[in-house]
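Working notes for the structure below.
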Amino acid sequence: MKSFRFKQFEIHQSSHVFRVGTDGVLLGAFASVQNASKVLEIGTGTGLITLMLAQRNPQTDFLGIDINEEAANLTKINFDHSCFRLRLKNILHDFKTFNTDMRFDLIVSNPPYFEESNSDKDKLARQTIELNFKELISGASRLLSDNGIFSVIIPVESGDAFVEIAKDNGLILNKKINIKGIESSKEKRLILEFSMFETILQVIDFVIEKSPRQYSDQYLELTKEFHVFGK
């Protein structure tokens with residue numbers, strides 16, 4: 001499968017692992033990595049999100065975890081071929097049984113959310129069979145540092161339930177990014193950021209395309225340091 005080239009790194013892809021997609025790009029560009037020294041990505045896939053975050057913060061160390069052996073291998077290839085490789089580590093492991101004394105200043109995930117699929121890669125990467133929201137949130141809350149941030153991208157219809165589960169685990173919503181695919185459409189995704197401390201909720205409205213196949217100024221500005229194309 002053809003690789004996907006960004007300005008500072010290249011993503012090798014596989015037909016058995018979810019390819020580079022807009023959700024991952026958005027989370028990699030938006031997640032609050034500025035003040036993080038240790039970052040965990042849950043479900044690395046190709047390693048895209050971690051590589052974007054590594055570009056954004058050159059002082060940060062990263063750990064990626066994935067239950068899919070092919071995804072973990074692909075992540076390692078992409079990490080090893082990047083200029084950030086000395087700061088990147090990934091492991092093959094089930095997050096549900098992941099134990100460490102480390103605490104992370106940022107935990108990111110593009111988590112599973114499709115209930116049914118006939119595809120093997122979908123079953124691992126996009127179903128709640130392997131890791132449901134409760135398991136993801138409780139695990140993340142346990143591994144966050146005192147001032148840590150948990151950042152996810154999920155379908156808009158899952159937002160209220162996700163926020164409630166987070167509350168039950170001591171996490172407070174700090175930022176909400178409402179994402180539309182096209183300007184005239186309904187919101188389809190949310191980026192949500194949580195911490196263990198209360199602050200003023202920041203709400204951002206974001207549009208990917210102003211019309212079909214025409215990226216918005218917002219998207220071009222957000223991704224100008226990553227995508228080969230620009231304004």
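Identifiers in this document derive from the order of the structure tokens: chains are assigned A, B, ..., residues are numbered from 1 separately in each chain, and ligands are numbered from 1 in order of occurrence.
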Residue contacts of Ala72 of chain A (10 Å, only C-alpha atoms) excluding same-chain residues fewer than 5 positions away, as an MDAnalysis selection string: chainID A and resid 17 43:47 64:67 77:78 90:93
Residues from last step as file, all heavy atoms, as a compact mmCIF listing (two decimals), in the first residue's frame:
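File produced: part30.txt:
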```txt
# COMPACT_ATOMS: atom_id res chain seq x y z
N VAL A 17 -4.21 -2.50 8.53
CA VAL A 17 -4.20 -1.50 9.60
C VAL A 17 -4.84 -0.24 9.06
O VAL A 17 -4.64 0.13 7.90
CB VAL A 17 -2.75 -1.19 10.06
CG1 VAL A 17 -2.75 -0.11 11.14
CG2 VAL A 17 -2.07 -2.46 10.57
N GLY A 43 -3.61 2.75 21.23
CA GLY A 43 -4.07 2.33 19.91
C GLY A 43 -3.38 3.11 18.82
O GLY A 43 -3.98 3.98 18.18
N THR A 44 -2.11 2.81 18.58
CA THR A 44 -1.30 3.65 17.69
C THR A 44 -1.65 3.52 16.21
O THR A 44 -1.45 4.47 15.46
CB THR A 44 0.19 3.32 17.85
OG1 THR A 44 0.37 1.90 17.67
CG2 THR A 44 0.70 3.73 19.21
N GLY A 45 -2.12 2.36 15.78
CA GLY A 45 -2.36 2.18 14.35
C GLY A 45 -1.06 2.30 13.58
O GLY A 45 -0.14 1.51 13.75
N THR A 46 -0.96 3.34 12.76
CA THR A 46 0.27 3.58 11.99
C THR A 46 1.31 4.39 12.76
O THR A 46 2.45 4.49 12.33
CB THR A 46 -0.04 4.35 10.70
OG1 THR A 46 -0.62 5.62 11.05
CG2 THR A 46 -1.00 3.57 9.80
N GLY A 47 0.90 4.99 13.88
CA GLY A 47 1.80 5.87 14.63
C GLY A 47 1.65 7.33 14.25
O GLY A 47 2.40 8.19 14.74
N GLY A 64 3.81 4.42 22.64
CA GLY A 64 2.60 3.97 21.96
C GLY A 64 2.30 2.53 22.32
O GLY A 64 3.20 1.72 22.54
N ILE A 65 1.01 2.19 22.38
CA ILE A 65 0.60 0.83 22.72
C ILE A 65 -0.51 0.41 21.77
O ILE A 65 -1.41 1.19 21.47
CB ILE A 65 0.15 0.74 24.20
CG1 ILE A 65 -0.25 -0.69 24.57
CG2 ILE A 65 -0.98 1.70 24.50
CD1 ILE A 65 -0.52 -0.86 26.06
N ASP A 66 -0.42 -0.84 21.28
CA ASP A 66 -1.48 -1.35 20.41
C ASP A 66 -1.59 -2.86 20.63
O ASP A 66 -0.58 -3.54 20.83
CB ASP A 66 -1.20 -1.05 18.94
CG ASP A 66 -2.47 -1.01 18.10
OD1 ASP A 66 -3.17 -2.04 18.03
OD2 ASP A 66 -2.78 0.06 17.54
N ILE A 67 -2.82 -3.37 20.58
CA ILE A 67 -3.06 -4.79 20.77
C ILE A 67 -2.88 -5.58 19.47
O ILE A 67 -2.71 -6.80 19.49
CB ILE A 67 -4.49 -5.02 21.32
CG1 ILE A 67 -4.67 -6.46 21.82
CG2 ILE A 67 -5.54 -4.66 20.27
CD1 ILE A 67 -6.00 -6.69 22.51
N ILE A 77 8.07 0.57 12.49
CA ILE A 77 8.71 0.96 11.23
C ILE A 77 8.64 2.47 11.03
O ILE A 77 9.64 3.13 10.72
CB ILE A 77 8.04 0.22 10.05
CG1 ILE A 77 8.37 -1.27 10.10
CG2 ILE A 77 8.47 0.84 8.71
CD1 ILE A 77 7.55 -2.10 9.12
N ASN A 78 7.46 3.03 11.26
CA ASN A 78 7.29 4.47 11.05
C ASN A 78 8.06 5.29 12.08
O ASN A 78 8.62 6.35 11.75
CB ASN A 78 5.80 4.83 11.06
CG ASN A 78 5.09 4.33 9.81
OD1 ASN A 78 5.68 4.30 8.73
ND2 ASN A 78 3.84 3.92 9.95
N ASN A 90 7.32 2.07 21.16
CA ASN A 90 6.00 1.46 21.09
C ASN A 90 6.06 0.01 21.55
O ASN A 90 7.11 -0.63 21.46
CB ASN A 90 5.40 1.56 19.69
CG ASN A 90 5.95 0.51 18.75
OD1 ASN A 90 7.14 0.51 18.46
ND2 ASN A 90 5.09 -0.38 18.28
N ILE A 91 4.94 -0.48 22.06
CA ILE A 91 4.88 -1.86 22.55
C ILE A 91 3.60 -2.53 22.05
O ILE A 91 2.58 -1.87 21.81
CB ILE A 91 4.94 -1.94 24.08
CG1 ILE A 91 3.81 -1.13 24.73
CG2 ILE A 91 6.29 -1.49 24.60
CD1 ILE A 91 3.72 -1.29 26.24
N LEU A 92 3.67 -3.84 21.89
CA LEU A 92 2.51 -4.66 21.60
C LEU A 92 1.92 -5.11 22.93
O LEU A 92 2.55 -5.87 23.67
CB LEU A 92 2.92 -5.87 20.76
CG LEU A 92 1.85 -6.93 20.50
CD1 LEU A 92 0.71 -6.37 19.64
CD2 LEU A 92 2.47 -8.16 19.84
N HIS A 93 0.73 -4.62 23.25
CA HIS A 93 0.16 -4.95 24.57
C HIS A 93 -1.32 -4.61 24.57
O HIS A 93 -1.77 -3.71 23.87
CB HIS A 93 0.87 -4.15 25.67
CG HIS A 93 0.83 -4.82 27.01
ND1 HIS A 93 -0.32 -4.93 27.76
CD2 HIS A 93 1.81 -5.40 27.75
CE1 HIS A 93 -0.04 -5.56 28.89
NE2 HIS A 93 1.24 -5.86 28.90
```
Just list the residues in segment 81-211 of chain A DSSP gives alpha helix (DSSP H) on the backbone, as a PDB file with N, CA, C and O atoms, in the first residue's frame.
```
ATOM      1  N   ASP A 120     -11.620  -7.656   9.462  1.00  0.00           N
ATOM      2  CA  ASP A 120     -10.776  -8.027  10.597  1.00  0.00           C
ATOM      3  C   ASP A 120     -10.112  -6.813  11.214  1.00  0.00           C
ATOM      4  O   ASP A 120     -10.021  -6.687  12.431  1.00  0.00           O
ATOM      5  N   LYS A 121      -9.633  -5.889  10.383  1.00  0.00           N
ATOM      6  CA  LYS A 121      -8.970  -4.710  10.937  1.00  0.00           C
ATOM      7  C   LYS A 121      -9.990  -3.838  11.682  1.00  0.00           C
ATOM      8  O   LYS A 121      -9.673  -3.236  12.699  1.00  0.00           O
ATOM      9  N   ASP A 122     -11.242  -3.781  11.177  1.00  0.00           N
ATOM     10  CA  ASP A 122     -12.279  -3.041  11.870  1.00  0.00           C
ATOM     11  C   ASP A 122     -12.556  -3.649  13.239  1.00  0.00           C
ATOM     12  O   ASP A 122     -12.769  -2.948  14.224  1.00  0.00           O
ATOM     13  N   LYS A 123     -12.562  -4.990  13.291  1.00  0.00           N
ATOM     14  CA  LYS A 123     -12.880  -5.659  14.543  1.00  0.00           C
ATOM     15  C   LYS A 123     -11.890  -5.293  15.643  1.00  0.00           C
ATOM     16  O   LYS A 123     -12.248  -5.172  16.807  1.00  0.00           O
ATOM     17  N   LEU A 124     -10.623  -5.124  15.268  1.00  0.00           N
ATOM     18  CA  LEU A 124      -9.619  -4.745  16.259  1.00  0.00           C
ATOM     19  C   LEU A 124      -9.572  -3.242  16.476  1.00  0.00           C
ATOM     20  O   LEU A 124      -9.474  -2.778  17.595  1.00  0.00           O
ATOM     21  N   ALA A 125      -9.632  -2.481  15.398  1.00  0.00           N
ATOM     22  CA  ALA A 125      -9.385  -1.048  15.501  1.00  0.00           C
ATOM     23  C   ALA A 125     -10.628  -0.228  15.781  1.00  0.00           C
ATOM     24  O   ALA A 125     -10.531   0.876  16.286  1.00  0.00           O
ATOM     25  N   PHE A 133     -15.349   2.187  25.991  1.00  0.00           N
ATOM     26  CA  PHE A 133     -15.084   3.524  26.526  1.00  0.00           C
ATOM     27  C   PHE A 133     -14.781   3.493  28.023  1.00  0.00           C
ATOM     28  O   PHE A 133     -13.899   4.208  28.503  1.00  0.00           O
ATOM     29  N   LYS A 134     -15.501   2.669  28.775  1.00  0.00           N
ATOM     30  CA  LYS A 134     -15.270   2.614  30.225  1.00  0.00           C
ATOM     31  C   LYS A 134     -13.863   2.144  30.537  1.00  0.00           C
ATOM     32  O   LYS A 134     -13.185   2.693  31.417  1.00  0.00           O
ATOM     33  N   GLU A 135     -13.407   1.130  29.823  1.00  0.00           N
ATOM     34  CA  GLU A 135     -12.051   0.604  30.037  1.00  0.00           C
ATOM     35  C   GLU A 135     -10.994   1.627  29.631  1.00  0.00           C
ATOM     36  O   GLU A 135      -9.979   1.800  30.308  1.00  0.00           O
ATOM     37  N   LEU A 136     -11.242   2.295  28.516  1.00  0.00           N
ATOM     38  CA  LEU A 136     -10.315   3.316  28.041  1.00  0.00           C
ATOM     39  C   LEU A 136     -10.205   4.461  29.043  1.00  0.00           C
ATOM     40  O   LEU A 136      -9.097   4.875  29.420  1.00  0.00           O
ATOM     41  N   ILE A 137     -11.340   4.965  29.500  1.00  0.00           N
ATOM     42  CA  ILE A 137     -11.346   6.131  30.384  1.00  0.00           C
ATOM     43  C   ILE A 137     -10.782   5.798  31.757  1.00  0.00           C
ATOM     44  O   ILE A 137      -9.973   6.550  32.313  1.00  0.00           O
ATOM     45  N   SER A 138     -11.173   4.657  32.313  1.00  0.00           N
ATOM     46  CA  SER A 138     -10.667   4.301  33.646  1.00  0.00           C
ATOM     47  C   SER A 138      -9.164   4.073  33.604  1.00  0.00           C
ATOM     48  O   SER A 138      -8.428   4.479  34.514  1.00  0.00           O
ATOM     49  N   GLY A 139      -8.667   3.439  32.536  1.00  0.00           N
ATOM     50  CA  GLY A 139      -7.237   3.225  32.396  1.00  0.00           C
ATOM     51  C   GLY A 139      -6.482   4.524  32.236  1.00  0.00           C
ATOM     52  O   GLY A 139      -5.418   4.732  32.837  1.00  0.00           O
ATOM     53  N   ALA A 140      -7.026   5.428  31.426  1.00  0.00           N
ATOM     54  CA  ALA A 140      -6.372   6.721  31.215  1.00  0.00           C
ATOM     55  C   ALA A 140      -6.332   7.537  32.499  1.00  0.00           C
ATOM     56  O   ALA A 140      -5.305   8.149  32.829  1.00  0.00           O
ATOM     57  N   SER A 141      -7.425   7.550  33.244  1.00  0.00           N
ATOM     58  CA  SER A 141      -7.457   8.337  34.485  1.00  0.00           C
ATOM     59  C   SER A 141      -6.432   7.820  35.493  1.00  0.00           C
ATOM     60  O   SER A 141      -5.840   8.597  36.248  1.00  0.00           O
ATOM     61  N   ARG A 142      -6.193   6.536  35.480  1.00  0.00           N
ATOM     62  CA  ARG A 142      -5.214   5.929  36.392  1.00  0.00           C
ATOM     63  C   ARG A 142      -3.783   6.305  36.025  1.00  0.00           C
ATOM     64  O   ARG A 142      -2.917   6.391  36.896  1.00  0.00           O
ATOM     65  N   LEU A 143      -3.541   6.565  34.745  1.00  0.00           N
ATOM     66  CA  LEU A 143      -2.173   6.793  34.273  1.00  0.00           C
ATOM     67  C   LEU A 143      -1.820   8.267  34.082  1.00  0.00           C
ATOM     68  O   LEU A 143      -0.678   8.590  33.755  1.00  0.00           O
ATOM     69  N   GLY A 159     -20.690  11.660  22.511  1.00  0.00           N
ATOM     70  CA  GLY A 159     -20.111  12.676  23.383  1.00  0.00           C
ATOM     71  C   GLY A 159     -20.659  12.711  24.798  1.00  0.00           C
ATOM     72  O   GLY A 159     -19.899  12.704  25.772  1.00  0.00           O
ATOM     73  N   ASP A 160     -21.975  12.757  24.937  1.00  0.00           N
ATOM     74  CA  ASP A 160     -22.578  12.888  26.269  1.00  0.00           C
ATOM     75  C   ASP A 160     -22.228  11.694  27.155  1.00  0.00           C
ATOM     76  O   ASP A 160     -21.881  11.859  28.325  1.00  0.00           O
ATOM     77  N   ALA A 161     -22.325  10.497  26.591  1.00  0.00           N
ATOM     78  CA  ALA A 161     -22.014   9.296  27.370  1.00  0.00           C
ATOM     79  C   ALA A 161     -20.541   9.282  27.771  1.00  0.00           C
ATOM     80  O   ALA A 161     -20.196   8.917  28.900  1.00  0.00           O
ATOM     81  N   PHE A 162     -19.672   9.682  26.853  1.00  0.00           N
ATOM     82  CA  PHE A 162     -18.234   9.692  27.143  1.00  0.00           C
ATOM     83  C   PHE A 162     -17.927  10.662  28.281  1.00  0.00           C
ATOM     84  O   PHE A 162     -17.161  10.342  29.199  1.00  0.00           O
ATOM     85  N   VAL A 163     -18.539  11.830  28.253  1.00  0.00           N
ATOM     86  CA  VAL A 163     -18.319  12.838  29.304  1.00  0.00           C
ATOM     87  C   VAL A 163     -18.805  12.322  30.658  1.00  0.00           C
ATOM     88  O   VAL A 163     -18.146  12.528  31.685  1.00  0.00           O
ATOM     89  N   GLU A 164     -19.934  11.635  30.663  1.00  0.00           N
ATOM     90  CA  GLU A 164     -20.470  11.101  31.923  1.00  0.00           C
ATOM     91  C   GLU A 164     -19.551  10.026  32.501  1.00  0.00           C
ATOM     92  O   GLU A 164     -19.310   9.984  33.709  1.00  0.00           O
ATOM     93  N   ILE A 165     -19.056   9.138  31.654  1.00  0.00           N
ATOM     94  CA  ILE A 165     -18.132   8.105  32.123  1.00  0.00           C
ATOM     95  C   ILE A 165     -16.859   8.748  32.667  1.00  0.00           C
ATOM     96  O   ILE A 165     -16.304   8.321  33.687  1.00  0.00           O
ATOM     97  N   ALA A 166     -16.401   9.783  31.978  1.00  0.00           N
ATOM     98  CA  ALA A 166     -15.208  10.495  32.439  1.00  0.00           C
ATOM     99  C   ALA A 166     -15.438  11.097  33.825  1.00  0.00           C
ATOM    100  O   ALA A 166     -14.565  11.010  34.705  1.00  0.00           O
ATOM    101  N   LYS A 167     -16.601  11.698  34.038  1.00  0.00           N
ATOM    102  CA  LYS A 167     -16.934  12.265  35.354  1.00  0.00           C
ATOM    103  C   LYS A 167     -16.876  11.203  36.431  1.00  0.00           C
ATOM    104  O   LYS A 167     -16.369  11.434  37.538  1.00  0.00           O
ATOM    105  N   ASP A 168     -17.403  10.037  36.130  1.00  0.00           N
ATOM    106  CA  ASP A 168     -17.402   8.935  37.085  1.00  0.00           C
ATOM    107  C   ASP A 168     -15.985   8.497  37.452  1.00  0.00           C
ATOM    108  O   ASP A 168     -15.770   7.859  38.485  1.00  0.00           O
TER     109      ASP A 168
END
```
Write out as a VMD selection string which residues come within 10 Å of Leu173 of chain A when counting only C-alpha atoms, dropping same-chain ones fewer than 3 positions away. chain A and resid 149 to 151 163 to 164 166 to 167 176 192 to 202
Atoms to include: C-alpha atoms. Write the selected residues as a PDB file, in the first residue's frame.
```pdb
ATOM      1  CA  ILE A 149      -4.638  15.851  29.938  1.00  0.00           C
ATOM      2  CA  PHE A 150      -6.633  13.062  28.288  1.00  0.00           C
ATOM      3  CA  SER A 151      -7.479  13.889  24.652  1.00  0.00           C
ATOM      4  CA  VAL A 163     -18.319  12.838  29.304  1.00  0.00           C
ATOM      5  CA  GLU A 164     -20.470  11.101  31.923  1.00  0.00           C
ATOM      6  CA  ALA A 166     -15.208  10.495  32.439  1.00  0.00           C
ATOM      7  CA  LYS A 167     -16.934  12.265  35.354  1.00  0.00           C
ATOM      8  CA  LYS A 176     -14.599  20.577  23.369  1.00  0.00           C
ATOM      9  CA  LEU A 192     -12.671  16.188  23.969  1.00  0.00           C
ATOM     10  CA  GLU A 193      -9.953  17.013  26.494  1.00  0.00           C
ATOM     11  CA  PHE A 194     -10.173  16.128  30.169  1.00  0.00           C
ATOM     12  CA  SER A 195      -8.103  16.712  33.268  1.00  0.00           C
ATOM     13  CA  MET A 196      -8.441  16.159  37.002  1.00  0.00           C
ATOM     14  CA  PHE A 197      -8.818  19.883  37.676  1.00  0.00           C
ATOM     15  CA  GLU A 198     -11.679  22.230  36.865  1.00  0.00           C
ATOM     16  CA  THR A 199     -11.205  25.174  34.539  1.00  0.00           C
ATOM     17  CA  ILE A 200     -13.299  27.273  32.181  1.00  0.00           C
ATOM     18  CA  LEU A 201     -14.598  25.040  29.407  1.00  0.00           C
ATOM     19  CA  GLN A 202     -13.182  26.034  26.026  1.00  0.00           C
TER      20      GLN A 202
END
```
As a ChimeraX atom specification, please: every residue in segment 8-164 of chain A that a backbone DSSP assignment puts in strand (DSSP E). /A:10-11,38-42,61-66,88-92,104-109,144-155
Could you check which of A:Phe6, A:Phe98, A:Phe62, A:Tyr219 is closest to Val33 of chain A, using only C-alpha atoms?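 Closest candidate: A:Phe62.
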So that I can check the surroundings of segment 177-183 of chain A, please list as a compact mmCIF listing (two decimals) with N, CA and C atoms, in the first residue's frame every protein, DNA and RNA residue that reaches within 7 Å of it, counting only C-alpha atoms and ignoring chain neighbours fewer than 3 positions away.
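That gives us around-v8.txt:
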```txt
# COMPACT_ATOMS: atom_id res chain seq x y z
N LYS A 186 -24.01 18.73 9.48
CA LYS A 186 -24.06 18.65 10.94
C LYS A 186 -22.69 18.24 11.48
N GLU A 187 -22.48 18.51 12.77
CA GLU A 187 -21.24 18.07 13.41
C GLU A 187 -21.16 16.56 13.37
N LYS A 188 -19.95 16.02 13.10
CA LYS A 188 -19.80 14.58 13.02
C LYS A 188 -18.79 14.02 14.02
N ARG A 189 -17.86 14.82 14.48
CA ARG A 189 -16.85 14.37 15.42
C ARG A 189 -16.68 15.40 16.54
N LEU A 190 -16.17 14.91 17.65
CA LEU A 190 -15.79 15.77 18.78
C LEU A 190 -14.36 15.44 19.18
N ILE A 191 -13.58 16.46 19.44
CA ILE A 191 -12.34 16.26 20.20
C ILE A 191 -12.63 16.75 21.61
N LEU A 192 -12.42 15.88 22.57
CA LEU A 192 -12.67 16.19 23.97
C LEU A 192 -11.38 16.08 24.76
N VAL A 203 -14.72 25.96 24.14
CA VAL A 203 -15.49 25.34 23.06
C VAL A 203 -15.07 25.96 21.74
N ILE A 204 -14.73 25.11 20.77
CA ILE A 204 -14.27 25.56 19.46
C ILE A 204 -15.12 24.88 18.39
N ASP A 205 -15.54 25.64 17.40
CA ASP A 205 -16.23 25.09 16.23
C ASP A 205 -15.24 25.02 15.08
N PHE A 206 -15.18 23.85 14.44
CA PHE A 206 -14.18 23.63 13.40
C PHE A 206 -14.81 22.97 12.19
N VAL A 207 -14.45 23.47 10.99
CA VAL A 207 -14.97 22.95 9.72
C VAL A 207 -13.80 22.42 8.90
N ILE A 208 -13.92 21.19 8.40
CA ILE A 208 -12.85 20.59 7.60
C ILE A 208 -12.88 21.11 6.16
N GLU A 209 -14.05 21.08 5.53
CA GLU A 209 -14.18 21.50 4.14
C GLU A 209 -15.25 22.58 4.01
N LYS A 210 -14.93 23.64 3.28
CA LYS A 210 -15.93 24.68 3.04
C LYS A 210 -16.91 24.25 1.96
N SER A 211 -16.48 23.33 1.08
CA SER A 211 -17.34 22.69 0.09
C SER A 211 -16.66 21.37 -0.27
N PRO A 212 -17.35 20.45 -0.94
CA PRO A 212 -16.74 19.14 -1.21
C PRO A 212 -15.37 19.26 -1.88
```
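Using only C-alpha atoms, the shortest contact distance between Ser145 of chain A and any of A:Leu53, A:Val228, A:Leu131, A:Ala36 is found at A:Ala36.
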